[in-house]
Amino acid sequence: MSRSSQLSPFASQPGGAGVIAVVDSDPVARQVITHHVEALGHRAVLHDSAESLLQQPGDELLLACVALGDQGAGGFELLSNLRQRHPRLPIVVVSAQQSVEWVVEAMRSGAADCIAKPFDASRFSAMLLRQLAQRPARAIESNFIGDGPAMRELRRHIDRVADSDVVVYLRGETGSGKELVTREIHQRGPRRRGPFVAVNCAAIPHQLQESEFFGHERGAFTGAVSAHRGKFEQANNGTLFLDELGEMSPSTQAVLLRVLEERKVQRVGSTTVVPINVRVICATNRDLEAEVAAGRFRQDLYFRLAVYRIDLPPLRNRTEDIAALCQRFLEQSAPGGAVVRMSQSALEILKAWSWPGNVRELQNVVHRASLIASGPEILPMDLPPSMVNAVSVGMGVGKGDPLLDDNEPLLPFREIERRAILRAMRAVGGSVDKAAKALGLSRATVYRRLVEFASERGSEV
Ligand SMILES: Nc1ncnc2c1ncn2[C@@H]1O[C@H](COP(=O)(O)OP(=O)(O)OP(=O)(O)O)[C@@H](O)[C@H]1O
Ligand SMILES: [Mg+2]
């Protein structure tokens with residue numbers, strides 16, 4: 001196998017869409033191709049050989065751009081192998097070879113198109129765009145679970161905004177699915193092939209935010225040893241997700257307002273402006289309206305961002321979705337293995353819990369329980385004890401219930417059952433029929449228990 005694949009600086013960025021594999025043994029040629037790929041708003045994942053691309057899962061890739069030619073007939077074999085490994089991936093071949101026979105053989109081996117090296121930039125970009133346009137739209141598999149009224153309403157919102165560029169503002173408690181909804185909007189819209197860039201304002205110190213978002217030139221400030229493309233430029237032709245908006249510094253808020261209005265960014269320390277075409281979605285789990293009222297968040301920016309507001313319901317308000325979510329998380333917890341079930345009694349506890357961490361908390365609880373469960377079903381004892389205790393108290397079992405005497409000694413259940421049946425028998429004057437009715441048991445059960453108690457305790461009955 002060849003040297004390990006090299007990744008471009010942007011390849012580590014999360015977010016699935018818009019990734020193009022660039023394969024060339026020449027680092028300079030790789031950079032040239034990467035430049036064209038990024039100019040189209042996509043990310044490049046760099047490989048120094050086709051063998052290296054064979055090792056990479058192709059699911060995330062839109063297209064592969066592979067330099068061939070100096071491998072002789074081995075090049076065609078590599079192409080066939082790539083075609084087999086990634087059957088739906090369009091492969092465009094860049095080669096110094098220009099003969100008709102060579103191109104025909106490359107196409108036979110699986111190339112979608114060929115371009116001669118050195119190539120003209122506009123012809124190359126046109127070829128990439130043609131291939132991308134021809135690529136059949138991938139069936140969008142939704143990761144989004146829930147069919148209750150709240151989730152149906154949320155789906156309607158997503159459908160309404162996906163095709164446009166309207167700025168969406170998501171409000172919801174932590175773990176309620178703000179990022180998932182954002183990705184869903186991106187996936188369903190026309191920018192799905194462009195990059196998805198998520199940036200968490202809370203994770204970036206105030207003094208670094210401007211350069212993170214808008215980029216900087218080399219030497220713009222102490223420590224700026226090289227130029228940096230900001231998140232806006234990285235998200236060009238795609239979607240930028242501004243998370244935890246309430247944590248944005250006042251100076252960044254001012255620049256953001258200008259960028260949104262002018263649709264141009266200016267890197268810190270630069271005099272040139274770069275036009276950008278970015279869809280912005282933002283989210284917060286803080287009360288941004290209160291931040292505006294307190295003067296900590298600019299009102300003009302708030303109005304610019306909160307154009308289409310979607311409130312995500314907390315999980316405790318949509319307990320009807322808990323069973324389906326559990327099922328999905330149980331399947332995820334057992335890839336390829338036996339999936340354990342959620343017992344009805346455990347499900348009741350999950351439905352009664354308040355879920356401060358929402359779906360993320362449920363995911364963790366289910367995953368942990370699936371590891372602990374010793375049988376085919378998750379039982380209440382596999383759930384966190386604090387949850388089971390709190391839910392029992394909430395269900396009225398515990399202090400405050402007038403029927404319960406906290407000073408009563410704990411008894412084995414068999415003894416409690418015996419006492420209940422004997423009390424009922426005394427209260428109704430010894431009628432098995434009436435005692436059974438009062439206890440909600442069948443006559444046969446009461447009779448059978450009486451016989452058992454008699455044989456266990458001799459003359460007491
Ligand atoms: N409706 C849903 N169906 C399936 N999974 C979901 C759903 N909602 C949320 N999740 C899952 O729950 C986890 C948390 O969701 P997400 O990261 O989108 O929440 P968030 O609102 O962005 O949270 P935070 O405010 O903490 O950043 C993720 O793993 C996500 O896939
Ligand atoms: Mg989030």
# chains A, B, ... in the order shown; residues from 1 in each chain; ligands from 1

call {"tool": "residues_near_ligand", "arguments": {"ligand": "ligand 2", "cutoff": "7 Å", "atoms": "only C-alpha atoms and all ligand atoms", "output": "ChimeraX atom specification"}}
result
/A:175,178-179,243

call {"tool": "closest_atom_pairs", "arguments": {"of": "chain A", "to": "ligand 1", "cutoff": "7 Å", "atoms": "only C-alpha atoms and all ligand atoms", "output": "CSV"}}
result
residue,atom,partner,partner_atom_place_in_ligand_line,distance
A:Asn143,CA,ligand 1,4 (C),5.6
A:Phe144,CA,ligand 1,3 (N),3.9
A:Ile145,CA,ligand 1,3 (N),3.6
A:Gly146,CA,ligand 1,1 (N),5.6
A:Gly172,CA,ligand 1,21 (O),6.0
A:Glu173,CA,ligand 1,25 (O),5.9
A:Thr174,CA,ligand 1,25 (O),3.4
A:Gly175,CA,ligand 1,23 (O),3.4
A:Ser176,CA,ligand 1,21 (O),4.1
A:Gly177,CA,ligand 1,18 (O),3.1
A:Lys178,CA,ligand 1,21 (O),3.7
A:Glu179,CA,ligand 1,18 (O),3.6
A:Leu180,CA,ligand 1,18 (O),3.9
A:Val181,CA,ligand 1,18 (O),6.5
A:Thr284,CA,ligand 1,25 (O),6.8
A:Asn285,CA,ligand 1,25 (O),5.6
A:Leu325,CA,ligand 1,4 (C),6.2
A:Val359,CA,ligand 1,12 (O),4.5
A:Arg360,CA,ligand 1,13 (C),4.0
A:Gln363,CA,ligand 1,12 (O),6.7

call {"tool": "select_by_dssp", "arguments": {"residues": "region 207-440 of chain A", "states": "alpha helix (DSSP H)", "output": "PyMOL selection string"}}
result
chain A and resi 207-214+231-234+250-262+288-293+299-305+322-333+344-352+358-372+385-394+413-427+432-439

call {"tool": "atom_distance", "arguments": {"atom1": "CA of Arg218 (chain A)", "atom2": "CA of Cys282 (chain A)"}}
result
29.1 Å

call {"tool": "closest_atom_pairs", "arguments": {"of": "region 246-340 of chain A", "to": "region 219-230 of chain A", "cutoff": "10 Å", "atoms": "only C-alpha atoms", "output": "tab-separated table"}}
result
residue	atom	partner	partner_atom	distance
A:Val265	CA	A:Gly230	CA	9.0
A:Gln266	CA	A:Gly230	CA	9.6
A:Arg267	CA	A:Gly230	CA	7.5
A:Val268	CA	A:Ala220	CA	6.3
A:Gly269	CA	A:Ala220	CA	4.6
A:Ser270	CA	A:Ala220	CA	7.9

call {"tool": "atom_distance", "arguments": {"atom1": "CA of Val259 (chain A)", "atom2": "CA of Ile276 (chain A)"}}
result
8.8 Å

call {"tool": "closest_atom_pairs", "arguments": {"of": "region 122-157 of chain A", "to": "region 298-311 of chain A", "cutoff": "12 Å", "atoms": "only C-alpha atoms", "output": "tab-separated table"}}
result
residue	atom	partner	partner_atom	distance
A:Ala150	CA	A:Asp311	CA	10.0
A:Met151	CA	A:Asp311	CA	11.0
A:Glu153	CA	A:Ile310	CA	10.0
A:Leu154	CA	A:Ile310	CA	7.7
A:Arg155	CA	A:Ile310	CA	10.7
A:Arg156	CA	A:Ile310	CA	10.7
A:His157	CA	A:Ile310	CA	7.4

call {"tool": "write_last_selection", "arguments": {"atoms": "C-alpha atoms", "output": "mmCIF file, in the first residue's frame"}}
result
data_model
loop_
_atom_site.group_PDB
_atom_site.id
_atom_site.type_symbol
_atom_site.label_atom_id
_atom_site.label_comp_id
_atom_site.auth_asym_id
_atom_site.auth_seq_id
_atom_site.Cartn_x
_atom_site.Cartn_y
_atom_site.Cartn_z
ATOM 1 C CA ALA A 150 -44.955 18.085 17.523
ATOM 2 C CA MET A 151 -42.556 16.279 15.178
ATOM 3 C CA GLU A 153 -45.260 20.162 12.785
ATOM 4 C CA LEU A 154 -41.465 20.373 12.851
ATOM 5 C CA ARG A 155 -41.237 18.424 9.572
ATOM 6 C CA ARG A 156 -43.679 20.886 8.004
ATOM 7 C CA HIS A 157 -41.398 23.763 9.064
#

call {"tool": "residues_around", "arguments": {"residues": "Trp353 (chain A)", "least_positions_apart": "3", "cutoff": "7 Å", "atoms": "only C-alpha atoms", "output": "list of chain:residue names"}}
result
A:Ile349, A:Leu350, A:Met387, A:Val391

call {"tool": "residues_around", "arguments": {"residues": "region 431-442 of chain A", "least_positions_apart": "6", "cutoff": "9 Å", "atoms": "only C-alpha atoms", "output": "list in words"}}
result
Ala420, Ile421, Leu422, Arg423, Ala424 and Met425 of chain A

call {"tool": "atom_distance", "arguments": {"atom1": "CA of Asn277 (chain A)", "atom2": "CA of Ile158 (chain A)"}}
result
20.7 Å

call {"tool": "residues_around", "arguments": {"residues": "region 76-86 of chain A", "least_positions_apart": "5", "cutoff": "10 Å", "atoms": "only C-alpha atoms", "output": "list of chain:residue names"}}
result
A:Ser49, A:Ala50, A:Glu51, A:Leu53, A:Leu54, A:Gln55, A:Gln56, A:Pro57, A:Gly58, A:Asp59, A:Leu61, A:Ala64, A:Val66, A:Leu68, A:Gly69, A:Gln71, A:Ile91, A:Val93, A:Trp102, A:Glu105, A:Ala106, A:Met107, A:Arg108, A:Ser109, A:Gly110, A:Ala111

call {"tool": "write_last_selection", "arguments": {"atoms": "N, CA, C and O atoms", "output": "short mmCIF file (atom, residue, chain, number, x, y, z; two decimals), in the first residue's frame"}}
result
data_model
loop_
_atom_site.label_atom_id
_atom_site.label_comp_id
_atom_site.auth_asym_id
_atom_site.auth_seq_id
_atom_site.Cartn_x
_atom_site.Cartn_y
_atom_site.Cartn_z
N SER A 49 -2.39 8.36 -3.87
CA SER A 49 -2.47 7.24 -4.82
C SER A 49 -3.90 6.71 -4.86
O SER A 49 -4.67 6.91 -3.91
N ALA A 50 -4.22 6.02 -5.96
CA ALA A 50 -5.55 5.43 -6.08
C ALA A 50 -5.72 4.33 -5.03
O ALA A 50 -6.82 4.11 -4.53
N GLU A 51 -4.63 3.62 -4.72
CA GLU A 51 -4.72 2.56 -3.69
C GLU A 51 -5.21 3.15 -2.37
O GLU A 51 -5.99 2.53 -1.65
N LEU A 53 -7.15 5.73 -2.00
CA LEU A 53 -8.59 6.00 -2.09
C LEU A 53 -9.40 4.71 -1.94
O LEU A 53 -10.52 4.72 -1.42
N LEU A 54 -8.80 3.59 -2.38
CA LEU A 54 -9.51 2.30 -2.24
C LEU A 54 -9.81 1.99 -0.78
O LEU A 54 -10.77 1.30 -0.45
N GLN A 55 -8.97 2.52 0.11
CA GLN A 55 -9.15 2.22 1.54
C GLN A 55 -10.23 3.10 2.18
O GLN A 55 -10.66 2.84 3.29
N GLN A 56 -10.61 4.18 1.49
CA GLN A 56 -11.53 5.13 2.13
C GLN A 56 -12.98 4.76 1.85
O GLN A 56 -13.32 4.41 0.73
N PRO A 57 -13.87 4.84 2.85
CA PRO A 57 -15.28 4.63 2.54
C PRO A 57 -15.76 5.74 1.60
O PRO A 57 -15.38 6.89 1.79
N GLY A 58 -16.51 5.37 0.58
CA GLY A 58 -16.88 6.36 -0.43
C GLY A 58 -18.21 7.05 -0.17
O GLY A 58 -18.59 7.95 -0.92
N ASP A 59 -18.91 6.66 0.90
CA ASP A 59 -20.28 7.14 1.11
C ASP A 59 -20.39 8.66 1.10
O ASP A 59 -21.37 9.22 0.66
N LEU A 61 -18.46 10.78 -0.41
CA LEU A 61 -17.86 11.47 -1.55
C LEU A 61 -18.88 11.79 -2.63
O LEU A 61 -19.75 10.99 -2.94
N ALA A 64 -14.74 11.68 -7.48
CA ALA A 64 -13.29 11.51 -7.30
C ALA A 64 -12.59 12.01 -8.56
O ALA A 64 -13.07 11.79 -9.67
N VAL A 66 -9.07 11.68 -10.32
CA VAL A 66 -7.93 10.79 -10.18
C VAL A 66 -6.92 11.04 -11.31
O VAL A 66 -7.29 10.98 -12.49
N LEU A 68 -4.05 9.78 -13.59
CA LEU A 68 -3.51 8.48 -14.03
C LEU A 68 -2.60 8.72 -15.22
O LEU A 68 -2.61 9.78 -15.81
N GLY A 69 -1.88 7.71 -15.60
CA GLY A 69 -1.11 7.85 -16.84
C GLY A 69 0.22 7.16 -16.74
O GLY A 69 0.55 6.33 -17.58
N GLN A 71 1.11 4.87 -14.82
CA GLN A 71 1.05 3.49 -14.33
C GLN A 71 0.92 2.49 -15.48
O GLN A 71 0.80 1.29 -15.22
N ILE A 91 -16.01 9.04 -11.36
CA ILE A 91 -14.54 9.22 -11.31
C ILE A 91 -14.13 9.97 -12.57
O ILE A 91 -14.36 9.49 -13.68
N VAL A 93 -10.94 11.42 -14.73
CA VAL A 93 -9.52 11.09 -14.82
C VAL A 93 -8.75 12.26 -15.43
O VAL A 93 -9.17 12.84 -16.43
N TRP A 102 -6.42 5.56 -25.56
CA TRP A 102 -6.22 5.59 -24.10
C TRP A 102 -7.52 6.04 -23.41
O TRP A 102 -7.97 5.45 -22.44
N GLU A 105 -10.15 3.38 -23.44
CA GLU A 105 -9.86 2.33 -22.48
C GLU A 105 -10.17 2.80 -21.04
O GLU A 105 -10.71 2.05 -20.23
N ALA A 106 -9.85 4.07 -20.78
CA ALA A 106 -10.14 4.62 -19.44
C ALA A 106 -11.64 4.64 -19.18
O ALA A 106 -12.11 4.28 -18.09
N MET A 107 -12.40 5.04 -20.18
CA MET A 107 -13.86 5.10 -20.01
C MET A 107 -14.40 3.68 -19.80
O MET A 107 -15.28 3.46 -18.98
N ARG A 108 -13.81 2.72 -20.56
CA ARG A 108 -14.24 1.31 -20.40
C ARG A 108 -13.95 0.81 -18.99
O ARG A 108 -14.69 0.01 -18.43
N SER A 109 -12.85 1.30 -18.43
CA SER A 109 -12.46 0.83 -17.09
C SER A 109 -13.24 1.54 -15.98
O SER A 109 -13.03 1.27 -14.81
N GLY A 110 -14.08 2.51 -16.36
CA GLY A 110 -14.94 3.09 -15.33
C GLY A 110 -14.85 4.59 -15.16
O GLY A 110 -15.52 5.15 -14.28
N ALA A 111 -14.03 5.29 -16.01
CA ALA A 111 -13.97 6.75 -15.87
C ALA A 111 -15.27 7.36 -16.39
O ALA A 111 -15.83 6.91 -17.38
#

call {"tool": "decode", "arguments": {"residues": "region 277-407 of chain A", "atoms": "C-alpha atoms", "output": "compact mmCIF listing (two decimals), in the first residue's frame"}}
result
# COMPACT_ATOMS: atom_id res chain seq x y z
CA ASN A 277 -23.02 32.84 -0.99
CA VAL A 278 -23.91 31.20 2.29
CA ARG A 279 -27.15 30.13 3.88
CA VAL A 280 -27.15 30.90 7.59
CA ILE A 281 -28.98 28.88 10.21
CA CYS A 282 -28.55 29.79 13.84
CA ALA A 283 -29.47 28.28 17.17
CA THR A 284 -29.50 28.99 20.83
CA ASN A 285 -30.53 27.29 24.02
CA ARG A 286 -30.30 30.58 25.90
CA ASP A 287 -33.06 33.12 25.96
CA LEU A 288 -31.78 35.36 23.18
CA GLU A 289 -34.77 37.67 23.51
CA ALA A 290 -33.73 38.33 27.11
CA GLU A 291 -30.15 38.96 25.91
CA VAL A 292 -31.54 41.55 23.47
CA ALA A 293 -33.65 43.14 26.19
CA ALA A 294 -30.60 43.29 28.46
CA GLY A 295 -28.58 44.98 25.70
CA ARG A 296 -26.10 42.10 25.36
CA PHE A 297 -27.23 41.08 21.88
CA ARG A 298 -27.79 43.61 19.09
CA GLN A 299 -31.44 44.04 18.30
CA ASP A 300 -30.79 44.84 14.62
CA LEU A 301 -28.81 41.59 14.26
CA TYR A 302 -31.53 39.68 16.11
CA PHE A 303 -34.14 40.89 13.60
CA ARG A 304 -31.82 39.97 10.72
CA LEU A 305 -31.37 36.42 12.09
CA ALA A 306 -34.72 35.59 13.62
CA VAL A 307 -36.54 35.70 10.30
CA TYR A 308 -38.06 32.22 10.56
CA ARG A 309 -38.16 30.94 14.11
CA ILE A 310 -38.64 27.28 14.93
CA ASP A 311 -39.15 26.21 18.54
CA LEU A 312 -38.05 22.65 19.20
CA PRO A 313 -40.22 20.97 21.83
CA PRO A 314 -38.47 19.41 24.82
CA LEU A 315 -38.67 15.63 24.94
CA ARG A 316 -40.90 15.63 28.05
CA ASN A 317 -43.59 17.34 25.94
CA ARG A 318 -43.53 14.68 23.24
CA THR A 319 -43.36 11.42 25.13
CA GLU A 320 -45.24 9.73 22.27
CA ASP A 321 -41.94 9.62 20.36
CA ILE A 322 -39.93 7.95 23.12
CA ALA A 323 -40.67 4.36 22.04
CA ALA A 324 -39.56 5.01 18.43
CA LEU A 325 -36.44 6.88 19.59
CA CYS A 326 -35.56 3.98 21.91
CA GLN A 327 -35.94 1.54 19.04
CA ARG A 328 -33.57 3.57 16.85
CA PHE A 329 -30.99 3.93 19.64
CA LEU A 330 -31.20 0.21 20.50
CA GLU A 331 -30.53 -0.65 16.85
CA GLN A 332 -27.60 1.77 16.83
CA SER A 333 -26.25 0.16 20.01
CA ALA A 334 -26.14 -3.27 18.37
CA PRO A 335 -24.74 -2.85 14.86
CA GLY A 336 -25.10 -6.23 13.25
CA GLY A 337 -25.86 -7.93 16.59
CA ALA A 338 -29.00 -8.95 18.47
CA VAL A 339 -31.12 -5.93 19.35
CA VAL A 340 -32.49 -5.89 22.89
CA ARG A 341 -36.06 -4.70 23.49
CA MET A 342 -37.32 -2.04 25.87
CA SER A 343 -39.70 -3.64 28.38
CA GLN A 344 -43.06 -1.96 28.92
CA SER A 345 -42.22 -1.20 32.57
CA ALA A 346 -38.90 0.46 31.63
CA LEU A 347 -40.67 2.43 28.90
CA GLU A 348 -43.18 3.75 31.44
CA ILE A 349 -40.31 5.06 33.54
CA LEU A 350 -38.69 6.70 30.52
CA LYS A 351 -41.97 8.37 29.63
CA ALA A 352 -42.36 9.77 33.14
CA TRP A 353 -38.82 11.21 33.37
CA SER A 354 -38.32 14.96 32.85
CA TRP A 355 -35.37 14.67 30.39
CA PRO A 356 -33.38 17.84 31.13
CA GLY A 357 -30.84 16.67 28.52
CA ASN A 358 -33.59 15.75 26.03
CA VAL A 359 -32.89 13.33 23.17
CA ARG A 360 -29.14 13.26 23.83
CA GLU A 361 -29.82 12.12 27.41
CA LEU A 362 -32.25 9.46 26.20
CA GLN A 363 -29.64 8.23 23.71
CA ASN A 364 -27.08 7.87 26.51
CA VAL A 365 -29.50 6.16 28.89
CA VAL A 366 -30.60 3.66 26.24
CA HIS A 367 -27.05 2.94 25.14
CA ARG A 368 -25.90 2.35 28.72
CA ALA A 369 -28.94 0.18 29.52
CA SER A 370 -28.35 -1.97 26.43
CA LEU A 371 -24.85 -2.69 27.71
CA ILE A 372 -26.09 -3.56 31.21
CA ALA A 373 -29.15 -5.63 30.27
CA SER A 374 -28.51 -9.31 30.89
CA GLY A 375 -31.52 -10.65 28.97
CA PRO A 376 -33.36 -9.83 25.74
CA GLU A 377 -35.25 -6.96 27.43
CA ILE A 378 -34.19 -3.77 29.19
CA LEU A 379 -35.79 -3.80 32.64
CA PRO A 380 -36.26 -0.92 35.12
CA MET A 381 -33.23 -2.16 37.05
CA ASP A 382 -31.06 -1.48 33.95
CA LEU A 383 -31.98 2.22 34.04
CA PRO A 384 -30.08 4.75 36.20
CA PRO A 385 -31.23 4.26 39.83
CA SER A 386 -31.69 8.01 40.32
CA MET A 387 -34.16 8.02 37.42
CA VAL A 388 -36.15 5.05 38.73
CA ASN A 389 -36.30 6.57 42.23
CA ALA A 390 -37.34 10.00 41.08
CA VAL A 391 -39.99 8.57 38.77
CA SER A 392 -41.39 6.35 41.56
CA VAL A 393 -41.73 9.41 43.79
CA GLY A 394 -43.35 11.30 40.93
CA MET A 395 -45.84 8.48 40.41
CA GLY A 396 -47.03 8.93 44.00
CA VAL A 397 -45.05 6.10 45.51
CA GLY A 398 -43.34 7.60 48.53
CA LYS A 399 -43.65 10.40 51.00
CA GLY A 400 -46.83 12.37 50.85
CA ASP A 401 -49.08 9.45 49.94
CA PRO A 402 -51.64 9.18 52.79
CA LEU A 403 -52.08 5.47 52.21
CA LEU A 404 -48.43 4.79 52.92
CA ASP A 405 -47.00 4.61 56.39
CA ASP A 406 -43.27 5.38 56.29
CA ASN A 407 -42.85 3.79 59.73
